[in-house]
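> Following this message is one structure expressed as structure tokens.
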Amino acid sequence: MHEIWGVAGLVAIALGLSLMLSDSYALKVVTWLSLNVLAAIALRFVMLVGELNIATAAFWGVGAYTAAIATVWLKLPFGVALVAGIVAPALLAVAFGFVTLRTKGPYFMLISFAFTEVLRLVYTQSDALGGNSGMIGVYPPRWLDGTYASLVVLLVGACLVGFLWLERSAFGKLMRAIENNDAVVASVGVPVLAIKIAALTIAAAAAGLGGGLFAHANRVISPGDFSFLVSVYALAYVKIGGEKHILGAVLGATFLTLLGQYVLSFGQYEHIYFGGAIVAAMLIFPEGMLGLLQRWGARLGLVRAPEPATSRGGH
Amino acid sequence: MELLAQLLANTLQIGAVYVLFALGLTLIFGVMKVVNFAHGEFFSLAALIVAASMPLLPAAFPSWLNYLVALAAAIAAVAVLGAIIYRIGFERYLRDLVGSFILSVGLILLLQGIMTEIFTASPRPVDAIVTGNVTVLGARITAQRLLIMALALLFTGLLYVVLQRTRLGKALRAASEDREAAMLQGIRYRTISLYGWLIGVSMAGLAGALMAPLSPIQPAIGADYLIKAFIIIIVGGLGSIPGAIVGGLLVAAIESVCGFYFDLTIATIFMFVLVMAFLLVRPQGLMGHVER
């Protein structure tokens, strides 16, 4: 319980700091950083049941398009648009999960990859959604001028605390148990498929919220914003930060987003630099930055040494 | 009848390339239990090397000879790059799905960035290797397509024989089936997984080198093949060799027919819908057996 209050305290500090910022560039960085954290924790949540959900990018995109349609075409209030952007991907996730989560091994990863890329093709084919050029004019309401970044920090912080609470709850323990050995969990009468679908749906709702916030922060969305790379970056945040604790995702997202801001000044070399960073991190510190900090801490006698990184899947 | 023959010829030609590509992916998964998301980059690299080196080879030689030289060079380059990547990276992430996934997508970004730097992003067409048309069963096909099709079928058959008959092939299949049992029989897992990886990425390179004369090549082209290869593998069953062959031809048939009446993007979307419907009935794939 202390842990959850601690994280909530960190969120409150971040929120306070964001309210003090007035520089528009700094506010932009805070917005991107928070959205990256949200993508990372949404991806990580499904990893708790042992599945790599590349469709995080797909649900992010569905949330963004739904919220954009609500704002641009239907002229609905901002809050309603955000809620629509949460509900649509959650409903989609129930159906998608029902079909795909019964598979074993790496199939879910492959299907979620294909799903993401196919949805992107659907957007490009749909003239109503603006085809390749996407949708424009997704403005946030006037009353959020200057405080949009703080709203994003608040909502992402709420998701962070909520995910941590779920992870520590009885539901979270079942998720971990399913990751370790779903056959044993099923043998004592736990509905494994239903729990997996629930985890996917919750993560999809959070990703949808992220998409809606992203659309209103960017004001323009196009199919290219929702390729599988969104999930790849999210996974990089989780892995580079350290996947054992939810704060690892925050650490990884912060580090890579700030690095990304620096790298963007190189322009065309962005891909090389980001790819290089991911590959180098995987080779140099496979347990992530949290693992590295823990190792240093252990050397100084502050904390216990981390267990060696466990491999997953591919029995 | 002529339309049917035309569609059939088209299916066999793209199908053979898909089969080669998917076989490499499924072979790597079988032995290493790693999904190589960077598979498409090996495809693009080989295709780009063929496209870039063909104009440099002496025009005095017949162009089919130049093509074969370029093809051999491309596959050699892919194999060398593959060996380096294996030694530095994948060797540490054998049988680790998540770790190898991140490594391979990091490689997608890295390799695609480097290839765009070297070869630029603009599509490269290749001059025709052989000219003229051939009529088979009432269908007119360019001689070039027929040649590529023959080469692809030849290599697929060759790989199939290697996997089924030779000691190496048997060791590869044994290691895919059950690593511990294979090791108990004296099969060196690490050596075999390196061979499996090298054969796998060379298959991707071969598919790329064969596609180069048929469609303009640019660095991002590998990604299109990756989605289709995933669909093939989901339908055929991961690690299944017959599954990759049947799945590859099935996907090619859908693409030929659907691409003829609608367009290729619609064909891909349609394929995905079919896969979802298929998974409702058989979550383990067409040829896959139920795991554990």
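All residue names refer to the structure tokens as shown: chains lettered A, B, ... in order, residues numbered from 1 in each chain, ligands numbered from 1 in order.
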May I have the residues of chain A within 9 Å of chain B, counting only C-alpha atoms, written as a PyMOL selection string?

chain A and resi 52+96+98-107+110-111+113-115+117-119+121-122+125+229+232+235-236+239+268-280+282-283+286+310-315

> Just the residues within 10 Å of region 155-164 of chain B, please, counting only C-alpha atoms, with nothing from its chain fewer than 5 positions along; format it as a PyMOL selection string.

chain B and resi 16-17+19-21+23-24+27+149-150+169-173+199+203+206-207+241-242+245

> Among the residues of region 225-286 of chain B, find those DSSP assigns to alpha helix (DSSP H) from the backbone and print them as a PyMOL selection string.

chain B and resi 225-236+241-261+264-281

> Please produce a file of those selected residues containing C-alpha atoms, as a short mmCIF file (atom, residue, chain, number, x, y, z; two decimals), in the first residue's frame.


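Once written, out.cif looks like this:
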data_model
loop_
_atom_site.label_atom_id
_atom_site.label_comp_id
_atom_site.auth_asym_id
_atom_site.auth_seq_id
_atom_site.Cartn_x
_atom_site.Cartn_y
_atom_site.Cartn_z
CA TYR B 225 6.62 -9.33 -47.13
CA LEU B 226 6.86 -9.66 -43.37
CA ILE B 227 3.09 -9.23 -42.83
CA LYS B 228 2.34 -11.81 -45.50
CA ALA B 229 4.92 -14.17 -44.09
CA PHE B 230 3.24 -13.87 -40.68
CA ILE B 231 -0.13 -14.67 -42.20
CA ILE B 232 1.42 -17.66 -43.98
CA ILE B 233 3.00 -18.87 -40.75
CA ILE B 234 -0.14 -18.38 -38.65
CA VAL B 235 -2.10 -20.43 -41.16
CA GLY B 236 0.60 -23.04 -41.74
CA ILE B 241 7.80 -26.82 -43.28
CA PRO B 242 4.81 -28.27 -45.19
CA GLY B 243 2.69 -25.58 -43.49
CA ALA B 244 4.88 -22.81 -44.91
CA ILE B 245 4.62 -24.28 -48.41
CA VAL B 246 0.85 -24.76 -48.34
CA GLY B 247 0.34 -21.40 -46.59
CA GLY B 248 2.59 -19.59 -49.07
CA LEU B 249 0.73 -20.92 -52.08
CA LEU B 250 -2.64 -20.21 -50.43
CA VAL B 251 -1.72 -16.59 -49.70
CA ALA B 252 -0.36 -16.19 -53.22
CA ALA B 253 -3.59 -17.59 -54.69
CA ILE B 254 -5.73 -15.17 -52.64
CA GLU B 255 -3.47 -12.31 -53.60
CA SER B 256 -3.59 -13.19 -57.32
CA VAL B 257 -7.36 -13.52 -57.48
CA CYS B 258 -8.21 -10.69 -55.09
CA GLY B 259 -5.51 -8.46 -56.59
CA PHE B 260 -6.91 -9.07 -60.07
CA TYR B 261 -10.49 -8.11 -59.16
CA LEU B 264 -3.37 -5.58 -53.46
CA THR B 265 -4.18 -3.66 -50.28
CA ILE B 266 -7.72 -5.02 -50.25
CA ALA B 267 -6.22 -8.47 -50.81
CA THR B 268 -4.05 -8.10 -47.68
CA ILE B 269 -6.99 -6.90 -45.57
CA PHE B 270 -9.13 -9.75 -46.89
CA MET B 271 -6.38 -12.25 -46.05
CA PHE B 272 -6.26 -11.00 -42.48
CA VAL B 273 -10.03 -11.32 -42.07
CA LEU B 274 -9.78 -14.88 -43.38
CA VAL B 275 -7.00 -15.63 -40.89
CA MET B 276 -9.12 -14.33 -38.00
CA ALA B 277 -12.07 -16.48 -39.11
CA PHE B 278 -9.72 -19.42 -39.49
CA LEU B 279 -8.29 -18.94 -35.98
CA LEU B 280 -11.78 -19.11 -34.50
CA VAL B 281 -11.98 -22.68 -35.78
#

> According to DSSP computed on the backbone, where in region 35-280 of chain B is there strand (DSSP E)? Give the residues as a VMD selection string.

chain B and resid 133 to 136 139 to 142

> For the atom pair CA of Leu35 (chain A) and CA of Val152 (chain A), what is the interatomic distance in Å to one decimal place?

7.5 Å

> If we count only C-alpha atoms, what is near Glu287 (chain A) at a cut-off of 8 Å, once residues fewer than 2 positions away on the same chain are taken out, given as a PyMOL selection string?

chain A and resi 239-240+242-243+285+289-292+308-309

> To one decimal place in Å, what is the distance between CA of Val62 (chain A) and CA of Thr31 (chain A)?

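Value for the CA of Val62 (chain A)-CA of Thr31 (chain A) distance: 19.6 Å.
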
> How many Å separate CA of Glu3 (chain A) from CA of Asp182 (chain A)?

27.8 Å

> Can you work out which one of A:Ala158, A:Ile69, A:Ala84, A:Val188 has the shortest atom-to-atom distance to Tyr139 (chain A), counting only C-alpha atoms?

A:Ile69

> Can you tell me, as an MDAnalysis selection string, what residues are no more than 7 Å from Ser231 (chain A) when counting only C-alpha atoms, ignoring any on the same chain fewer than 5 positions away?

chainID A and resid 54 56:57

> Based on the selection just made, write C-alpha atoms of those residues as an mmCIF file, in the first residue's frame.


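That gives us result_3.cif:
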data_model
loop_
_atom_site.group_PDB
_atom_site.id
_atom_site.type_symbol
_atom_site.label_atom_id
_atom_site.label_comp_id
_atom_site.auth_asym_id
_atom_site.auth_seq_id
_atom_site.Cartn_x
_atom_site.Cartn_y
_atom_site.Cartn_z
ATOM 1 C CA ILE A 54 1.925 -5.402 -30.450
ATOM 2 C CA THR A 56 -1.135 -1.699 -28.371
ATOM 3 C CA ALA A 57 -0.362 0.469 -31.405
#

> Between B:Ser44, B:Gln13, B:Thr191, B:Asn133, which one has atoms that come closest to Gly208 (chain B), using only C-alpha atoms?

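Among the listed residues, B:Ser44 lies closest to Gly208 (chain B).
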